[in-house]
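S.K.: Before I ask anything, let me first share the structure, which is written out below as structure tokens.
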Amino acid sequence: MLKDKLISSFMAFENNVDIDNPVHDVRVEAMKNFEIKGFPSKKEEAWKYTSLNALQKTDFSIFPKQTNTLEYKDVKKYFIHEIDTYKVVFIDGVFSSHLSETTHDGVDICLMSSALNKPMYKQIIDVYFNKIASKDESLTTLNTAFSKEGVYIYIPKNKMPKKPIEILHFATGNEASIMLQPRNLIVVEENAEVQIMERHQSLTSNEVLTNAVTEIFAAKNAIVDYYKIQNDAAEASLIDNTYINQKDKSVVKVHTFSFGGKLTRNNLNFYQNGEYIDSTMKGVTILGEKQHVDHHTLVHHIEPNCESHQDYKGIYDENSTGVFNGKIIVEKLAQKTNAFQQNNNILISDKATINTKPQLEIFADDVKCSHGCTIGQLDEDALFYLQSRGIPRKEANALLMYAFANNVLASVRIPELKTRINKLIANKLGVNLGFDL
Amino acid sequence: MLKINNLHASVDGKEILKGINLEIKAGEVHAIMGPNGSGKSTLASVIAGKEEFEVTEGEVILEGENLEDSAPEERAHKGVFLSFQYPVEIPGVSVTNFMKTAINESRKARGLEDMKANEMLKLIREKAEMLEIDRKFLSRSLNEGFSGGEKKRNEIFQMAMLEPKLAILDETDSGLDIDALRIVANGVNKLKSKDNAVLLITHYQRLLDYIVPDFVHVLHNGRIVKSGGKELALELEEKGYDWLKNEVTV
């Protein structure tokens with residue numbers, strides 16, 4: 001089983017890292033937790049609708065046996081190449097300097113391995129590394145145990161990188177099956193701003209399992225836009241654990257576009273440690289075949305006068321399954337909280353399933369919380385309207401689905417990314433509408 | 001142009017059209033009037049091919065071709081246009097992009113290439129001008145947040161773009177103030193020719209002051225109970241529909 005393999009691999013892993021580094025104590029502690037807990041099972045409420053059983057039977061290779069390379073021209077289409085960006089690119093979990101463009105020009109956009117090992121980053125690592133990530137959620141601790149490589153971004157006070165940042169993880173398929181565990185740390189100081197786009201892309205039909213952890217710290221007045229593009233190959237699975245800590249008046253928006261992959265689990269956790277904070281989570285999910293996506297969001301309103309906005313749209317065809325579980329906790333101290341949550345779904349096929357569940361725990365008395373979920377089909381009157389204008393049913397379907405998902409796209413602040421997402425949507429819906437959506 | 005023979009249609013097993021006979025020739029304007037629930041909008045939807053309605057008997061023939069097996073989009077490609085009473089809102093798709101899609105899909109069905117972008121733009125400008133539509137309006141999302149009048153004007157703009165052979169206007173006058181009504185009616189009149197035909201569906205005579213019909217038919221309980229010239233509309237306006245109901249039952 002995968003768990004046993006991971007436990008034995010940890011010993012081999014220790015031969016390759018500096019075990020005298022204080023970070024290693026964190027890894028050892030995390031590994032202990034994973035050994036006790038193991039992979040979550042469907043018996044746990046949070047994993048009721050997502051089973052990791054099949055994945056655990058795969059004999060994943062934990063470390064790549066060789067270093068692989070890719071030519072830019074072969075993978076260009078996965079980049080937002082219409083604009084200039086900083087790029088941090090990994091091939092089978094190993095940093096590719098050839099495809100990357102990192103920087104230390106006023107900001108640090110570089111590698112986690114450097115940050116963990118070089119003395120100049122020690123102060124930041126001591127303050128932030130593994131501070132907001134869960135210490136008992138088993139998959140997060142598994143990642144912590146193997147944390148070695150990933151993206152390190154540090155934006156000092158009042159700074160903004162000259163261009164957006166792209167993070168790409170390619171899997172080449174040179175191994176029959178591979179498990180990847182990137183670990184990212186993003187620290188955005190007071191009045192600083194950053195835009196990040198992240199994508200995991202398997203290039204073959206070989207199996208890939210990614211268990212990623214990203215910690216984001218947004219200081220006072222910081223602005224963070226994070227875009228997750230999940231359009232992976234049919235045999236690629238992703239467990240994304242993102243933890244976000246926000247201070248006063250910071251604004252963090254996470255957009256998640258889930259169109260691909262076999263199994264995707266998004267654990268998106270916001271902790272509001274300050275006042276007048278804005279946390280936004282938006283998602284468009286379009287699935288077919290036997291794809292499965294599970295969005296688990298958590299917003300922890302700890303202090304007063306904060307807001308959270310959640311808007312997830314899902315379109316499910318064929319035998320696909322979706323889960324939306326949105327948990328909002330409003331602490332007693334967090335008066336004047338505004339928390340909004342919306343999850344709307346369209347089931348195209350009789351065999352598609354969506355499980356949607358709002359979970360509100362409110363301990364303050366002066367708050368505004370709203371939540372709504374809908375599950376429906378496309379409106380026949382609307383379809384008839386489009387068809388009566390000569391638009392065939394398939395294209396009419398697509399236009400309506402696009403319209404349904406549209407308000408999630410309205411808040412995407414990088415136009416070229418918006419265009420790309422529109423193309424992915426049109427592609428996913430299998431239509432050419434004669435104009436760029 | 002259009003021939004309807006003994007048309008029966010039901011929805012959920014309930015018969016709404018109970019034997020309609022109607023012939024419209026090229027160059028003609030016909031008006032169908034009648035009280036609420038008489039089947040006016042159903043007739044419009046059945047001609048346009050809405051699948052919700054089941055045609056149980058009879059036929060709809062457009063230029064000699066039975067439309068029985070044609071999907072709504074195929075009917076549109078053959079030249080049928082329905083101006084909706086309640087146009088649907090499509091957020092995120094501009095009026096311009098919507099028209100591009102509609103026009104190019106129709107062209108594709110006829111084996112033509114997509115219309116060139118500059119040609120399309122010219123056509124859009126020309127037709128928008130005819131209907132006194134502001135250019136800003138064209139980049140707005142289709143029908144989203146449009147007033148009742150804007151929606152109807154937009155319907156006629158689409159008609160102008162698509163140049164149908166048979167235009168069915170379903171309650172196009174409802175929700176229009178007098179200025180908007182005049183603009184819409186002028187648009188329809190400009191589009192009228194000896195080669196196309198218009199079927200007006202209306203509850204009130206008001207629209208017929210602006211678009212003058214050659215024939216008026218009164219629909220009641222799923223049947224055409226009376227046909228006549230444009231003066232019939234005035235008579236209806238004056239007397240209401242009750243006298244007809246009585247006449248029919250007698």
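Here's how to read the names in the structure tokens: chain A, B, ... by the order shown, residue numbers from 1 in each chain, ligand numbers from 1 in the order shown.
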Just the strand (DSSP E) stuff from stretch 34-275 of chain A, please, per backbone DSSP, written as an NGL selection string.

M.R.: :A and (86-91 or 94-95 or 108-111 or 151-155 or 165-171 or 177-180 or 183-188 or 193-202 or 207-218 or 223-230 or 236-246 or 251-258 or 263-272)

S.K.: Per residue of chain B within 10 Å of chain A, note the shortest atom pair and the distance in Å to one decimal, counting only C-alpha atoms, and order the rows by chain and increasing residue number, as a tab-separated table.

M.R.:
```
residue	atom	partner	partner_atom	distance
B:Ser45	CA	A:Phe384	CA	9.3
B:Ala48	CA	A:Ser388	CA	6.7
B:Gly49	CA	A:Ser388	CA	8.0
B:Lys50	CA	A:Phe384	CA	6.4
B:Glu51	CA	A:Phe384	CA	8.3
B:Glu52	CA	A:Glu380	CA	8.6
B:Ala71	CA	A:Gln387	CA	8.1
B:Pro72	CA	A:Ser388	CA	5.2
B:Glu73	CA	A:Gly390	CA	4.1
B:Glu74	CA	A:Gly390	CA	6.7
B:Arg75	CA	A:Ser388	CA	7.5
B:Ala76	CA	A:Gly390	CA	4.9
B:His77	CA	A:Gly390	CA	5.8
B:Lys78	CA	A:Gly390	CA	9.2
B:Gly79	CA	A:Gly390	CA	9.4
B:Val80	CA	A:Ser388	CA	8.0
B:Phe81	CA	A:Ser388	CA	6.8
B:Leu82	CA	A:Ser388	CA	6.8
B:Ser83	CA	A:Ser388	CA	9.2
B:Phe84	CA	A:Tyr385	CA	7.8
B:Tyr86	CA	A:Tyr385	CA	9.5
B:Pro87	CA	A:Tyr385	CA	7.3
B:Val88	CA	A:Ala382	CA	5.7
B:Glu89	CA	A:Ala382	CA	8.1
B:Ile90	CA	A:Ala403	CA	5.7
B:Pro91	CA	A:Ala403	CA	5.0
B:Gly92	CA	A:Ala403	CA	5.5
B:Val93	CA	A:Ala403	CA	6.9
B:Ser94	CA	A:Leu437	CA	9.4
B:Thr96	CA	A:Phe435	CA	10.0
B:Asn97	CA	A:Phe435	CA	6.6
B:Phe98	CA	A:Phe435	CA	9.0
B:Met99	CA	A:Arg389	CA	8.7
B:Lys100	CA	A:Gly434	CA	7.1
B:Thr101	CA	A:Gly434	CA	5.7
B:Ala102	CA	A:Ile391	CA	5.5
B:Ile103	CA	A:Gly390	CA	7.6
B:Asn104	CA	A:Gly434	CA	7.3
B:Glu105	CA	A:Ile391	CA	6.0
B:Ser106	CA	A:Gly390	CA	5.7
B:Arg107	CA	A:Gly390	CA	9.5
B:Ala109	CA	A:Gly390	CA	8.9
B:Asp114	CA	A:Gly434	CA	8.3
B:Ser141	CA	A:Ala403	CA	9.5
B:Gln158	CA	A:Arg389	CA	8.3
B:Met159	CA	A:Arg389	CA	9.0
B:Leu162	CA	A:Arg389	CA	8.1
```

S.K.: Create the file for the chosen residues now, containing C-alpha atoms and written as a JSON list (two decimals), in the first residue's frame.

M.R.:
```
[["chain", "number", "residue", "atom", "x", "y", "z"],
["B", 45, "SER", "CA", -44.06, 28.70, -30.88],
["B", 48, "ALA", "CA", -40.97, 28.17, -34.78],
["B", 49, "GLY", "CA", -40.63, 24.53, -33.68],
["B", 50, "LYS", "CA", -40.69, 24.59, -29.89],
["B", 51, "GLU", "CA", -40.40, 20.97, -28.81],
["B", 52, "GLU", "CA", -42.54, 21.38, -25.71],
["B", 71, "ALA", "CA", -35.51, 21.56, -35.34],
["B", 72, "PRO", "CA", -35.99, 25.22, -34.35],
["B", 73, "GLU", "CA", -32.53, 26.14, -35.68],
["B", 74, "GLU", "CA", -33.29, 24.48, -39.03],
["B", 75, "ARG", "CA", -36.51, 26.46, -39.30],
["B", 76, "ALA", "CA", -34.50, 29.61, -38.59],
["B", 77, "HIS", "CA", -32.07, 28.63, -41.37],
["B", 78, "LYS", "CA", -35.06, 28.22, -43.70],
["B", 79, "GLY", "CA", -36.20, 31.75, -42.92],
["B", 80, "VAL", "CA", -38.54, 31.58, -39.91],
["B", 81, "PHE", "CA", -38.03, 34.25, -37.26],
["B", 82, "LEU", "CA", -39.89, 34.61, -33.97],
["B", 83, "SER", "CA", -39.72, 37.83, -32.02],
["B", 84, "PHE", "CA", -40.24, 36.72, -28.42],
["B", 86, "TYR", "CA", -40.14, 37.52, -23.23],
["B", 87, "PRO", "CA", -36.59, 37.51, -24.66],
["B", 88, "VAL", "CA", -34.07, 35.57, -22.56],
["B", 89, "GLU", "CA", -31.13, 37.22, -20.79],
["B", 90, "ILE", "CA", -27.67, 35.83, -21.60],
["B", 91, "PRO", "CA", -25.00, 37.38, -19.32],
["B", 92, "GLY", "CA", -21.48, 37.55, -20.70],
["B", 93, "VAL", "CA", -22.48, 37.33, -24.37],
["B", 94, "SER", "CA", -22.72, 40.69, -26.07],
["B", 96, "THR", "CA", -22.76, 41.80, -31.26],
["B", 97, "ASN", "CA", -21.19, 38.42, -30.50],
["B", 98, "PHE", "CA", -24.60, 36.81, -30.29],
["B", 99, "MET", "CA", -25.51, 38.13, -33.73],
["B", 100, "LYS", "CA", -22.16, 36.98, -35.16],
["B", 101, "THR", "CA", -22.84, 33.47, -33.90],
["B", 102, "ALA", "CA", -26.43, 33.45, -35.17],
["B", 103, "ILE", "CA", -25.53, 34.79, -38.62],
["B", 104, "ASN", "CA", -22.54, 32.54, -39.13],
["B", 105, "GLU", "CA", -24.44, 29.45, -37.99],
["B", 106, "SER", "CA", -27.11, 30.26, -40.57],
["B", 107, "ARG", "CA", -24.44, 30.75, -43.22],
["B", 109, "ALA", "CA", -26.10, 25.70, -42.67],
["B", 114, "ASP", "CA", -18.29, 32.99, -42.13],
["B", 141, "SER", "CA", -24.77, 41.47, -22.52],
["B", 158, "GLN", "CA", -32.08, 40.68, -34.71],
["B", 159, "MET", "CA", -34.84, 40.32, -37.28],
["B", 162, "LEU", "CA", -31.26, 37.79, -40.04]]
```

S.K.: What lies within 9 Å of stretch 172-184 of chain A using only C-alpha atoms, ignoring chain neighbours under 4 positions off, as an MDAnalysis selection string?

M.R.: chainID A and resid 58:66 68:70 91:93 111:112 142:144 146:153 201:216

S.K.: Please run DSSP on the backbone and report, as a count of residues only, all residues within stretch 12-171 of chain B that come out as alpha helix (DSSP H).

M.R.: 59

S.K.: Would you mind telling me which residue in A:Lys428, A:Lys157, A:Arg199, A:Lys118 lies nearest to A:Leu238 when using only C-alpha atoms?

M.R.: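 Ranking A:Lys428, A:Lys157, A:Arg199, A:Lys118 by distance to A:Leu238, first place goes to A:Arg199.
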
S.K.: Quick check, in Å to one decimal: how far apart do atom CA of B:Leu176 and atom CA of B:Met33 lie?

M.R.: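 Result for atom CA of B:Leu176 versus atom CA of B:Met33: 17.9 Å, one decimal.
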
S.K.: Tell me which protein, DNA and RNA residues are within 9 Å of stretch 29-46 of chain A, counting only C-alpha atoms, leaving out same-chain ones fewer than 3 positions away, and put them as a count of residues only.

M.R.: 27

S.K.: Atom CA of B:Ser41 to atom CA of B:Ser193: how many Å, to one decimal?

M.R.: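 So the two atoms, atom CA of B:Ser41 and atom CA of B:Ser193, lie 24.5 Å apart.
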
S.K.: For A:Leu168, list every protein, DNA or RNA residue within 6 Å, evaluated using only C-alpha atoms, and leave out those in the same chain fewer than 2 positions away; present the list as a list in words.

M.R.: Val89, Glu198, Arg199 and His200 of chain A

S.K.: Give me, as a ChimeraX atom specification, all polymer residues having an atom no more than 10 Å from B:Glu68, counting only C-alpha atoms and skipping those fewer than 4 positions away in the same chain.

M.R.: /B:46-47,49,55,58-61,75

S.K.: Store the residues picked out above, limited to C-alpha atoms, as a CSV table (one decimal), in the first residue's frame.

M.R.:
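Done, and the output landed in part-v8.csv:
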```
chain,number,residue,atom,x,y,z
B,46,VAL,CA,-45.3,25.7,-32.9
B,47,ILE,CA,-44.4,27.4,-36.2
B,49,GLY,CA,-40.6,24.5,-33.7
B,55,VAL,CA,-48.2,18.5,-33.1
B,58,GLY,CA,-52.1,18.7,-39.4
B,59,GLU,CA,-49.0,20.3,-40.9
B,60,VAL,CA,-47.0,23.5,-41.2
B,61,ILE,CA,-45.6,24.1,-44.7
B,75,ARG,CA,-36.5,26.5,-39.3
```

S.K.: Have a look at atom CA of B:Glu113 and atom CA of A:Ala426 and let me know their distance in Å, one decimal.

M.R.: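 Going from atom CA of B:Glu113 over to atom CA of A:Ala426 covers 20.8 Å.
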
S.K.: Write out as JSON, numbers by chain each polymer residue whose atoms come within 6 Å of stretch 9-20 of chain B, counting only C-alpha atoms; drop sequence neighbours fewer than 2 positions from it.

M.R.: {"B": [6, 7, 53, 54, 55, 56, 222, 223]}
